[in-house]
Structure formats: C-alpha cells, structure tokens
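Structure file protein-v8.cif (mmCIF, C-alpha atoms and all ligand atoms) is printed below.
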data_query
#
loop_
_atom_site.label_atom_id
_atom_site.label_comp_id
_atom_site.auth_asym_id
_atom_site.auth_seq_id
_atom_site.Cartn_x
_atom_site.Cartn_y
_atom_site.Cartn_z
CA MET L 19 0.00 0.00 0.00
CA VAL L 20 1.25 3.46 -0.87
CA ILE L 21 1.35 5.98 1.99
CA ASN L 22 1.06 9.58 0.77
CA SER L 23 3.02 12.33 2.46
CA LEU L 24 1.46 15.39 4.03
CA SER L 25 3.61 18.39 4.83
CA ILE L 26 2.89 21.80 6.29
CA ASP L 27 5.16 24.79 5.64
CA VAL L 28 4.85 26.73 8.90
CA GLU L 29 5.01 30.45 8.13
CA GLU L 30 2.94 33.60 8.65
CA HIS L 31 0.39 34.66 6.03
CA PHE L 32 2.49 37.72 5.14
CA GLN L 33 5.76 35.84 4.60
CA VAL L 34 4.94 34.23 1.25
CA SER L 35 7.23 34.99 -1.69
CA GLY L 36 4.37 36.55 -3.65
CA PHE L 37 4.18 39.35 -1.05
CA GLU L 38 7.95 39.82 -0.76
CA GLY L 39 8.02 43.13 -2.60
CA VAL L 40 5.16 44.53 -0.51
CA VAL L 41 5.82 43.31 3.04
CA ASP L 42 9.37 44.22 4.06
CA ARG L 43 11.16 41.73 6.36
CA GLU L 44 11.87 44.63 8.71
CA THR L 45 8.12 44.96 9.36
CA TRP L 46 7.51 41.27 10.09
CA ASP L 47 7.70 41.77 13.86
CA SER L 48 4.97 44.41 13.76
CA GLN L 49 2.55 42.42 11.57
CA PRO L 50 -0.44 40.64 13.13
CA SER L 51 0.66 37.09 13.95
CA ARG L 52 -1.73 34.23 13.14
CA VAL L 53 0.58 31.27 12.69
CA VAL L 54 0.09 29.80 16.18
CA ASP L 55 -3.70 29.62 16.03
CA ASN L 56 -3.68 28.42 12.44
CA THR L 57 -1.14 25.68 13.13
CA HIS L 58 -3.15 24.53 16.15
CA ARG L 59 -6.18 24.26 13.90
CA ILE L 60 -4.20 21.86 11.70
CA LEU L 61 -2.90 19.92 14.72
CA ARG L 62 -6.49 19.36 15.93
CA LEU L 63 -7.58 18.22 12.48
CA LEU L 64 -4.66 15.77 12.22
CA ASP L 65 -5.32 14.49 15.72
CA GLU L 66 -8.95 13.76 14.83
CA ALA L 67 -7.85 11.96 11.66
CA SER L 68 -5.00 10.14 13.48
CA VAL L 69 -2.52 11.31 10.84
CA LYS L 70 1.09 12.38 11.37
CA ALA L 71 2.63 14.96 9.04
CA THR L 72 5.95 16.67 8.38
CA PHE L 73 6.15 20.32 9.46
CA PHE L 74 8.74 22.45 7.64
CA VAL L 75 9.06 25.25 10.19
CA LEU L 76 10.41 28.67 9.25
CA GLY L 77 13.30 29.55 11.61
CA TRP L 78 11.89 33.05 12.12
CA VAL L 79 8.70 31.49 13.49
CA ALA L 80 10.54 28.89 15.60
CA GLU L 81 12.62 31.57 17.28
CA ARG L 82 9.55 33.60 18.26
CA GLU L 83 7.19 30.71 19.01
CA PRO L 84 9.29 27.86 20.43
CA ALA L 85 6.26 26.45 22.29
CA LEU L 86 4.51 25.93 18.96
CA VAL L 87 7.44 23.87 17.66
CA ARG L 88 7.32 21.81 20.88
CA ASP L 89 3.56 21.27 20.49
CA ILE L 90 4.09 19.97 16.94
CA SER L 91 6.87 17.62 17.94
CA ASP L 92 5.13 16.46 21.17
CA ALA L 93 2.14 15.45 19.03
CA GLY L 94 4.44 13.03 17.20
CA HIS L 95 4.86 14.90 13.93
CA GLU L 96 8.12 15.18 12.03
CA ILE L 97 9.98 18.50 12.34
CA ALA L 98 11.91 19.86 9.35
CA SER L 99 13.30 23.22 8.21
CA HIS L 100 11.87 25.84 5.86
CA GLY L 101 14.97 28.07 6.24
CA TYR L 102 15.09 31.15 8.46
CA TRP L 103 14.21 34.25 6.41
CA HIS L 104 12.08 32.74 3.62
CA ARG L 105 14.53 33.99 0.99
CA LEU L 106 14.46 32.33 -2.44
CA VAL L 107 17.48 30.03 -2.66
CA TYR L 108 18.62 31.35 -6.04
CA SER L 109 18.54 34.94 -4.78
CA GLN L 110 21.20 34.12 -2.17
CA THR L 111 24.89 33.32 -2.44
CA PRO L 112 25.87 29.82 -1.32
CA ASP L 113 27.36 31.30 1.89
CA GLU L 114 24.18 33.24 2.68
CA PHE L 115 22.11 30.12 2.02
CA ARG L 116 24.25 28.02 4.35
CA GLU L 117 24.01 30.65 7.08
CA ASP L 118 20.22 30.86 6.69
CA VAL L 119 19.75 27.08 6.92
CA VAL L 120 22.17 26.72 9.86
CA ARG L 121 20.32 29.44 11.75
CA SER L 122 16.98 27.70 11.16
CA ILE L 123 18.38 24.35 12.32
CA ASP L 124 19.73 25.95 15.50
CA VAL L 125 16.52 27.70 16.53
CA ILE L 126 14.35 24.66 15.72
CA GLU L 127 16.64 22.35 17.70
CA ARG L 128 16.66 24.78 20.61
CA ALA L 129 12.86 24.92 20.55
CA CYS L 130 12.07 21.19 20.53
CA GLY L 131 15.32 19.30 21.09
CA GLN L 132 15.05 17.71 17.64
CA ARG L 133 17.52 18.46 14.88
CA PRO L 134 15.71 18.69 11.53
CA THR L 135 16.96 16.33 8.84
CA GLY L 136 14.67 17.58 6.08
CA TYR L 137 14.51 20.89 4.23
CA ARG L 138 12.05 22.67 1.94
CA ALA L 139 13.10 25.81 0.11
CA PRO L 140 10.81 28.83 0.11
CA SER L 141 8.69 28.70 -3.06
CA PHE L 142 10.45 25.54 -4.29
CA SER L 143 13.40 27.72 -5.26
CA ILE L 144 15.90 24.97 -5.88
CA THR L 145 16.02 25.25 -9.62
CA GLU L 146 18.57 24.77 -12.41
CA GLN L 147 20.48 27.84 -11.15
CA SER L 148 20.63 26.78 -7.50
CA ARG L 149 21.68 23.13 -7.69
CA TRP L 150 24.69 24.18 -5.59
CA ALA L 151 22.33 24.09 -2.59
CA TRP L 152 22.31 20.28 -2.43
CA PRO L 153 25.93 19.64 -1.39
CA ILE L 154 25.49 22.33 1.27
CA LEU L 155 22.38 20.59 2.64
CA ALA L 156 24.27 17.28 2.61
CA GLU L 157 27.14 18.84 4.58
CA LEU L 158 24.59 20.03 7.14
CA ASP L 159 23.50 16.38 7.56
CA MET L 160 20.14 16.85 5.89
CA GLN L 161 18.78 13.53 4.62
CA PHE L 162 16.05 14.83 2.39
CA ASP L 163 15.14 17.94 0.47
CA SER L 164 11.67 18.54 -0.90
CA SER L 165 12.17 21.72 -2.91
CA VAL L 166 11.91 20.81 -6.58
CA TYR L 167 8.79 21.23 -8.68
CA PRO L 168 9.47 19.22 -11.87
CA THR L 169 7.44 21.60 -14.01
CA ASN L 170 8.24 24.46 -16.35
CA LEU L 171 4.81 26.02 -16.23
CA ARG L 172 5.77 28.50 -13.50
CA ASP L 173 8.11 31.47 -13.52
CA ARG L 174 9.26 31.63 -9.88
CA TYR L 175 10.13 27.95 -9.63
CA GLY L 176 10.37 24.72 -11.50
CA MET L 177 12.89 22.34 -12.98
CA GLY L 178 11.16 21.05 -16.08
CA ASP L 179 13.41 18.12 -16.81
CA ALA L 180 13.87 16.97 -13.23
CA ASN L 181 13.17 13.41 -12.21
CA THR L 182 9.66 13.18 -10.75
CA ARG L 183 10.62 10.32 -8.42
CA PRO L 184 12.81 10.55 -5.31
CA HIS L 185 16.47 10.58 -6.34
CA GLU L 186 19.83 11.03 -4.63
CA VAL L 187 21.24 14.51 -5.36
CA ALA L 188 24.29 14.50 -3.06
CA GLU L 189 25.82 11.98 -0.71
CA ASN L 190 23.04 10.64 1.54
CA LEU L 191 20.70 13.43 0.44
CA TRP L 192 17.45 12.54 -1.33
CA GLU L 193 15.41 14.96 -3.36
CA ILE L 194 11.70 14.26 -2.96
CA PRO L 195 10.05 16.30 -5.72
CA MET L 196 6.63 17.87 -5.54
CA SER L 197 3.82 15.98 -7.28
CA VAL L 198 3.01 16.67 -10.90
CA MET L 199 0.60 15.07 -13.32
CA ARG L 200 1.51 14.49 -16.95
CA VAL L 201 -1.03 16.21 -19.21
CA ALA L 202 -0.08 16.05 -22.90
CA ARG L 203 3.47 17.53 -23.02
CA TRP L 204 3.33 19.19 -19.64
CA ASN L 205 4.03 18.33 -16.03
CA VAL L 206 1.17 20.06 -14.27
CA PRO L 207 1.58 20.81 -10.55
CA VAL L 208 -0.98 19.01 -8.40
CA ALA L 209 -1.80 18.15 -4.82
CA GLY L 210 -0.67 21.18 -2.89
CA GLY L 211 -1.10 24.79 -1.88
CA GLY L 212 -2.94 26.96 -4.39
CA TYR L 213 -3.55 24.00 -6.72
CA PHE L 214 -5.22 22.07 -3.92
CA ARG L 215 -7.57 25.03 -3.37
CA LEU L 216 -8.03 25.99 -7.01
CA TYR L 217 -8.83 22.65 -8.71
CA PRO L 218 -12.13 20.92 -8.05
CA PHE L 219 -11.57 18.16 -5.52
CA TRP L 220 -12.09 15.40 -8.09
CA ILE L 221 -9.00 16.53 -10.02
CA THR L 222 -6.80 16.33 -6.95
CA ARG L 223 -8.32 12.97 -6.08
CA SER L 224 -7.72 11.51 -9.52
CA ALA L 225 -4.15 12.85 -9.50
CA VAL L 226 -3.47 11.10 -6.19
CA ARG L 227 -5.03 7.89 -7.53
CA ARG L 228 -2.89 8.04 -10.65
CA LEU L 229 0.31 8.61 -8.68
CA ASN L 230 -0.53 5.80 -6.26
CA ALA L 231 -1.34 3.43 -9.13
CA ASP L 232 2.22 4.12 -10.37
CA GLY L 233 3.53 3.22 -6.92
CA MET L 234 4.26 6.85 -6.06
CA PRO L 235 3.11 8.67 -2.94
CA ALA L 236 1.47 12.06 -3.53
CA ASN L 237 3.56 14.80 -1.92
CA VAL L 238 0.82 17.05 -0.56
CA TYR L 239 1.75 20.40 1.02
CA LEU L 240 -0.26 23.13 2.70
CA HIS L 241 0.38 26.21 4.87
CA PRO L 242 -1.27 27.29 8.14
CA TRP L 243 -2.57 30.50 6.47
CA GLU L 244 -4.49 28.37 3.93
CA PHE L 245 -6.80 27.35 6.81
CA ASP L 246 -7.55 30.97 7.70
CA PRO L 247 -10.18 32.62 5.47
CA ASP L 248 -10.38 35.58 7.89
CA GLN L 249 -6.72 36.58 7.67
CA PRO L 250 -6.14 40.32 7.17
CA ARG L 251 -5.75 41.13 3.46
CA VAL L 252 -2.33 42.49 2.54
CA SER L 253 -2.72 45.60 0.42
CA GLY L 254 -0.63 46.54 -2.60
CA VAL L 255 -0.25 42.95 -3.81
CA GLY L 256 -0.50 42.29 -7.56
CA ARG L 257 -3.65 40.61 -8.86
CA GLY L 258 -1.95 37.31 -9.75
CA ALA L 259 -0.30 36.92 -6.36
CA ALA L 260 -3.48 37.94 -4.56
CA PHE L 261 -5.54 35.37 -6.50
CA ARG L 262 -3.08 32.56 -5.78
CA HIS L 263 -3.03 33.45 -2.09
CA TYR L 264 -6.70 34.03 -1.39
CA VAL L 265 -8.56 31.69 -3.77
CA ASN L 266 -10.87 29.23 -1.95
CA LEU L 267 -9.27 29.63 1.50
CA GLY L 268 -12.59 28.59 3.01
CA ARG L 269 -12.35 25.17 1.34
CA THR L 270 -8.93 23.98 2.50
CA GLU L 271 -10.03 22.43 5.75
CA SER L 272 -12.96 20.40 4.42
CA ARG L 273 -10.94 19.25 1.41
CA LEU L 274 -8.10 18.08 3.58
CA ARG L 275 -10.55 16.15 5.77
CA ARG L 276 -11.92 14.41 2.67
CA MET L 277 -8.47 13.67 1.41
CA LEU L 278 -7.36 12.15 4.71
CA ALA L 279 -10.54 10.07 4.84
CA GLU L 280 -10.00 8.68 1.33
CA PHE L 281 -6.24 8.05 1.24
CA PRO L 282 -3.60 6.91 3.72
CA PHE L 283 -1.24 9.72 4.75
CA GLY L 284 1.84 10.04 6.92
CA THR L 285 5.09 11.95 7.43
CA MET L 286 7.60 12.24 4.62
CA ARG L 287 9.90 9.89 6.48
CA ARG L 288 7.16 7.27 6.52
CA ALA L 289 5.86 7.82 2.97
CA TYR L 290 9.41 7.64 1.58
CA ALA L 291 10.74 5.05 4.02
CA ASP L 292 12.16 3.01 1.14
CA VAL L 293 14.75 5.69 0.37
CA LEU L 294 15.02 7.48 3.72
CA SER L 295 16.01 4.55 5.88
CA SER L 296 19.67 4.97 5.06
CA PRO L 297 22.30 2.82 6.82
CA ARG L 298 23.43 5.90 8.76
CA GLN L 299 19.91 6.44 10.04
CA ALA L 300 19.61 2.79 11.04
CA ALA L 301 22.94 2.94 12.87
CA ALA L 302 21.83 6.01 14.78
CA SER L 303 18.52 4.58 15.97
ZN ZN L 401 7.02 29.11 2.40
#

Taking this structure as input, can you express it in the form of structure tokens?
Ligand SMILES: [Zn+2]
Amino acid sequence: MVINSLSIDVEEHFQVSGFEGVVDRETWDSQPSRVVDNTHRILRLLDEASVKATFFVLGWVAEREPALVRDISDAGHEIASHGYWHRLVYSQTPDEFREDVVRSIDVIERACGQRPTGYRAPSFSITEQSRWAWPILAELDMQFDSSVYPTNLRDRYGMGDANTRPHEVAENLWEIPMSVMRVARWNVPVAGGGYFRLYPFWITRSAVRRLNADGMPANVYLHPWEFDPDQPRVSGVGRGAAFRHYVNLGRTESRLRRMLAEFPFGTMRRAYADVLSSPRQAAAS
C-alpha cells in the first residue's frame, strides 16, 4: 500500500514569496501574527484523523514561538526546516544560504530538542540555477530535500526536466520532488497549496489515484494560512499573487478532511521510508 506524504510549511500569512516586494522583512515583527492559532487548527484536524505529518518550520517562526514547535513535535509529527528568512534560494549566495539554513536548524533544535533532517526551500526555489544548494544541505546532515517542482509552467520555480521520483542529489541526500501530473506535453503541478484550493476536488483525487497506481506517494503540502479565510488582506499585492493566495481559502479544511478520509497519509519519512532509511539512520537509531 502506498502511503502519501502530508507536509505543512509553517510560516505567517504575510511571509509568502508573492508578497515579498510589498511586506518588508523589517516589518515582520509588527505584523499581526496568526501562525500559532492556524497551526493549532491543523494539529487538531490531524489528531482527529490520526494522521502524522511533516512540518517544515520557518526559523523566524521557531525563534519567536518555540512552544509551537514543541507542540508539533510532542504530538508526534516530524519536524523539518523551511529556512530562516524565507529567501528564495537562487537569490542568495551559497554562503548566505548556508548561514540561513544553519540558523533555522539551531533555533528549531533549541525549541524542541530535535535536529531537523529535512529541508524545503521557500517557493520551491531549488532550480537549475541553484543546484549548488544540495551539497550544502548534505554537509549540514540533511537527509532529504523537498524543494523541486518538476514543471516548467511557472516562472518563480520549476525544474522542467527533473526526475519526478525521489532521487539522490548529493551523498546521503534525497530529493523528494513535488507531485506533478503528466497532461499532454506538460508536467502540471498538483496536490498542494494553491492547486489544492483551485482545482475541483475530483481533479486532486484523480491525481493522487494516478500517482498511487504508479507506486508513487502524492507529496501534498499546505500552509497554516491556507486554513484561515479571515486573515487580514495584505494591500498593494498584484492581482496574480493575490488570487493565488486568497482563492478558496474557506475550502482547504474540508478538502483536507476528505483527502485524509480517502487516502492513507503520513510523514515524509514514513511515505518515503524506502529511500530514507539509510544505513546511517539505522545505525543512529
Ligand atoms: Zn514558504
């Protein structure tokens, strides 16, 4: 039986890359914070469904809300890193990237006593021009990265010719790509974030069925702010970014419940146990 993976990128509603030009990082501390309540909403939902997930926590959030990170890990979920400042990987130098990831690992470990071994780049920004990130993640003892969208339909991210299955990208480091569905000549993103909210549920369901029939788990991702239809609207955002952010926010929760009722889900480590149970991991446990 295929177990699908569910992951949550834990960040505030104003920290998304689409708002980067409008909400300055220097103002983050004075913005209304909603990440704690929204994440607790997800934790309750997962508890009711008896499902464990992987939480890619932004270091900035972990540093300010260490109790939230502890609550996630105490509930038995897997803790991973979403970097510290939510900067696109390819907009940083390799040294800046390393520093950002190290800082996120430190604050997350300090918060919950668990050192993250998985990483997801902000906006899937490991692309053709930022492949140099993988050896750095491997040096930092990361075991998996889930930052590649094997599609070329998007401008901010995507690696059109990337392998759609998990593959080793540096020593002991596995890339676990985001789910796509082949439609004619294109790899169409499915099963996460805006796509999860935008497509009718039957499309997402048939995509998951198709992946599972091929022996592949669906790599489903969501954000705490996607469960918060009442979040304050950020002004000055372009129409495209605003649409992607706000479309169908009121549907996320019920759709996720349906999804969890229809398919088996678990953490990334469980869904991809065949590649992630490396000898080093076995020796350590
Ligand atoms: Zn993010």

Check: So which residues touch segment 50-64 of chain L within 10 Å, counting only C-alpha atoms, skipping near sequence neighbours fewer than 6 positions away, as JSON, numbers by chain?
Finding: {"L": [26, 27, 28, 29, 30, 31, 32, 70, 71, 73, 79, 83, 85, 86, 87, 89, 90, 93, 95, 240, 241, 242, 243, 244, 245, 246, 249, 250, 271, 272, 274, 275, 278]}

Would you save the residues from that selection as a short mmCIF file (atom, residue, chain, number, x, y, z; two decimals), in the coordinates of the input, using C-alpha atoms?
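The resulting file, selection15.cif, is reproduced below:
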data_model
loop_
_atom_site.label_atom_id
_atom_site.label_comp_id
_atom_site.auth_asym_id
_atom_site.auth_seq_id
_atom_site.Cartn_x
_atom_site.Cartn_y
_atom_site.Cartn_z
CA ILE L 26 2.89 21.80 6.29
CA ASP L 27 5.16 24.79 5.64
CA VAL L 28 4.85 26.73 8.90
CA GLU L 29 5.01 30.45 8.13
CA GLU L 30 2.94 33.60 8.65
CA HIS L 31 0.39 34.66 6.03
CA PHE L 32 2.49 37.72 5.14
CA LYS L 70 1.09 12.38 11.37
CA ALA L 71 2.63 14.96 9.04
CA PHE L 73 6.15 20.32 9.46
CA VAL L 79 8.70 31.49 13.49
CA GLU L 83 7.19 30.71 19.01
CA ALA L 85 6.26 26.45 22.29
CA LEU L 86 4.51 25.93 18.96
CA VAL L 87 7.44 23.87 17.66
CA ASP L 89 3.56 21.27 20.49
CA ILE L 90 4.09 19.97 16.94
CA ALA L 93 2.14 15.45 19.03
CA HIS L 95 4.86 14.90 13.93
CA LEU L 240 -0.26 23.13 2.70
CA HIS L 241 0.38 26.21 4.87
CA PRO L 242 -1.27 27.29 8.14
CA TRP L 243 -2.57 30.50 6.47
CA GLU L 244 -4.49 28.37 3.93
CA PHE L 245 -6.80 27.35 6.81
CA ASP L 246 -7.55 30.97 7.70
CA GLN L 249 -6.72 36.58 7.67
CA PRO L 250 -6.14 40.32 7.17
CA GLU L 271 -10.03 22.43 5.75
CA SER L 272 -12.96 20.40 4.42
CA LEU L 274 -8.10 18.08 3.58
CA ARG L 275 -10.55 16.15 5.77
CA LEU L 278 -7.36 12.15 4.71
#

Notebook entry, point to check: What do you get as a ChimeraX atom specification if you pick all residues at most 9 Å from ligand ZN 401 (chain L), counting all atoms listed in the file?
Noted result: /L:27-30,33-35,74-76,100-101,104,138-142,241

Notebook entry, point to check: Which residue, L:Glu114, L:Glu96, L:Phe162, L:Ser109, has the smallest gap to Thr145 of chain L when you use only C-alpha atoms?
Noted result: L:Ser109

Margin query: For a cutoff of 9 Å around the file-coordinate point (22.0, 16.2, 12.4), which residues qualify once you count all atoms listed in the file? I'd like the result as a PyMOL selection string.
Written below: chain L and resi 123+132-135+158-161

Next, write the just-selected residues to a file, as an mmCIF file, keeping the file's coordinate frame, keeping C-alpha atoms as the atom set.
data_model
loop_
_atom_site.group_PDB
_atom_site.id
_atom_site.type_symbol
_atom_site.label_atom_id
_atom_site.label_comp_id
_atom_site.auth_asym_id
_atom_site.auth_seq_id
_atom_site.Cartn_x
_atom_site.Cartn_y
_atom_site.Cartn_z
ATOM 1 C CA ILE L 123 18.380 24.350 12.320
ATOM 2 C CA GLN L 132 15.050 17.710 17.640
ATOM 3 C CA ARG L 133 17.520 18.460 14.880
ATOM 4 C CA PRO L 134 15.710 18.690 11.530
ATOM 5 C CA THR L 135 16.960 16.330 8.840
ATOM 6 C CA LEU L 158 24.590 20.030 7.140
ATOM 7 C CA ASP L 159 23.500 16.380 7.560
ATOM 8 C CA MET L 160 20.140 16.850 5.890
ATOM 9 C CA GLN L 161 18.780 13.530 4.620
#

Next item on the list: May I have the protein, DNA and RNA residues with an atom at most 9 Å from (17.0, 22.0, -6.6), counting all atoms listed in the file in the file's coordinates, returned as a list in words?
Entry: Val107, Ala139, Phe142, Ser143, Ile144, Thr145, Glu146, Gln147, Ser148, Arg149, Trp150, Ala151, Trp152, Asp163, Ser164, Ser165, Val166, Tyr167, Gly176, Met177, Ala180, Val187 and Glu193 of chain L

Notebook entry, point to check: Which one of L:Phe115, L:Phe214, L:Phe261, L:Phe281 sits closest to Leu229 of chain L if you count all atoms listed in the file?
Noted result: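 Among L:Phe115, L:Phe214, L:Phe261, L:Phe281, it is L:Phe281 that comes nearest to Leu229 of chain L.
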
Margin query: Let me make sure I understand: among L:Ala236, L:Val201, L:Gly77, L:Leu155, which one has the smallest atom-to-atom distance to Ala188 of chain L if we use only C-alpha atoms?
Written below: L:Leu155

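The spacing separating atom CA of Tyr264 of chain L from atom CA of Phe37 of chain L amounts to 12.1 Å.
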
Can you tell me, as a short mmCIF file (atom, residue, chain, number, x, y, z; two decimals) with C-alpha atoms, in the frame of the given file, what residues are no more than 12 Å from Glu280 of chain L when counting only C-alpha atoms, ignoring any on the same chain fewer than 2 positions away?
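File out.cif, as written:
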data_model
loop_
_atom_site.label_atom_id
_atom_site.label_comp_id
_atom_site.auth_asym_id
_atom_site.auth_seq_id
_atom_site.Cartn_x
_atom_site.Cartn_y
_atom_site.Cartn_z
CA ILE L 21 1.35 5.98 1.99
CA ASN L 22 1.06 9.58 0.77
CA ALA L 67 -7.85 11.96 11.66
CA PHE L 219 -11.57 18.16 -5.52
CA TRP L 220 -12.09 15.40 -8.09
CA THR L 222 -6.80 16.33 -6.95
CA ARG L 223 -8.32 12.97 -6.08
CA SER L 224 -7.72 11.51 -9.52
CA VAL L 226 -3.47 11.10 -6.19
CA ARG L 227 -5.03 7.89 -7.53
CA ARG L 273 -10.94 19.25 1.41
CA LEU L 274 -8.10 18.08 3.58
CA ARG L 275 -10.55 16.15 5.77
CA ARG L 276 -11.92 14.41 2.67
CA MET L 277 -8.47 13.67 1.41
CA LEU L 278 -7.36 12.15 4.71
CA PRO L 282 -3.60 6.91 3.72
CA PHE L 283 -1.24 9.72 4.75
#

Notebook entry, point to check: Quick one: of L:Asp292, L:Glu66, L:Asp179, L:Glu127, who's nearest to Ser91 of chain L, counting all atoms listed in the file?
Noted result: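 With all atoms listed in the file as the atom set, the closest residue is L:Glu127.
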
Next item on the list: Give me, please, the distance in Å between atom CA of Ser68 of chain L and atom CA of Gly284 of chain L, quoted to one decimal.
Entry: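 Interatomic distance, atom CA of Ser68 of chain L to atom CA of Gly284 of chain L: 9.5 Å.
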
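Closest approach to Ala98 of chain L among L:Ile126, L:Leu171, L:Leu294, L:Val120: L:Ile126, based on all atoms listed in the file.
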
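Atom CA of Ile154 of chain L is found 19.4 Å from atom CA of Ile97 of chain L.
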
Checklist line | Minimum-distance residue to Arg128 of chain L, chosen among L:Thr111, L:Asp232, L:Glu157, L:Arg82 (using all atoms listed in the file) | finding: L:Arg82
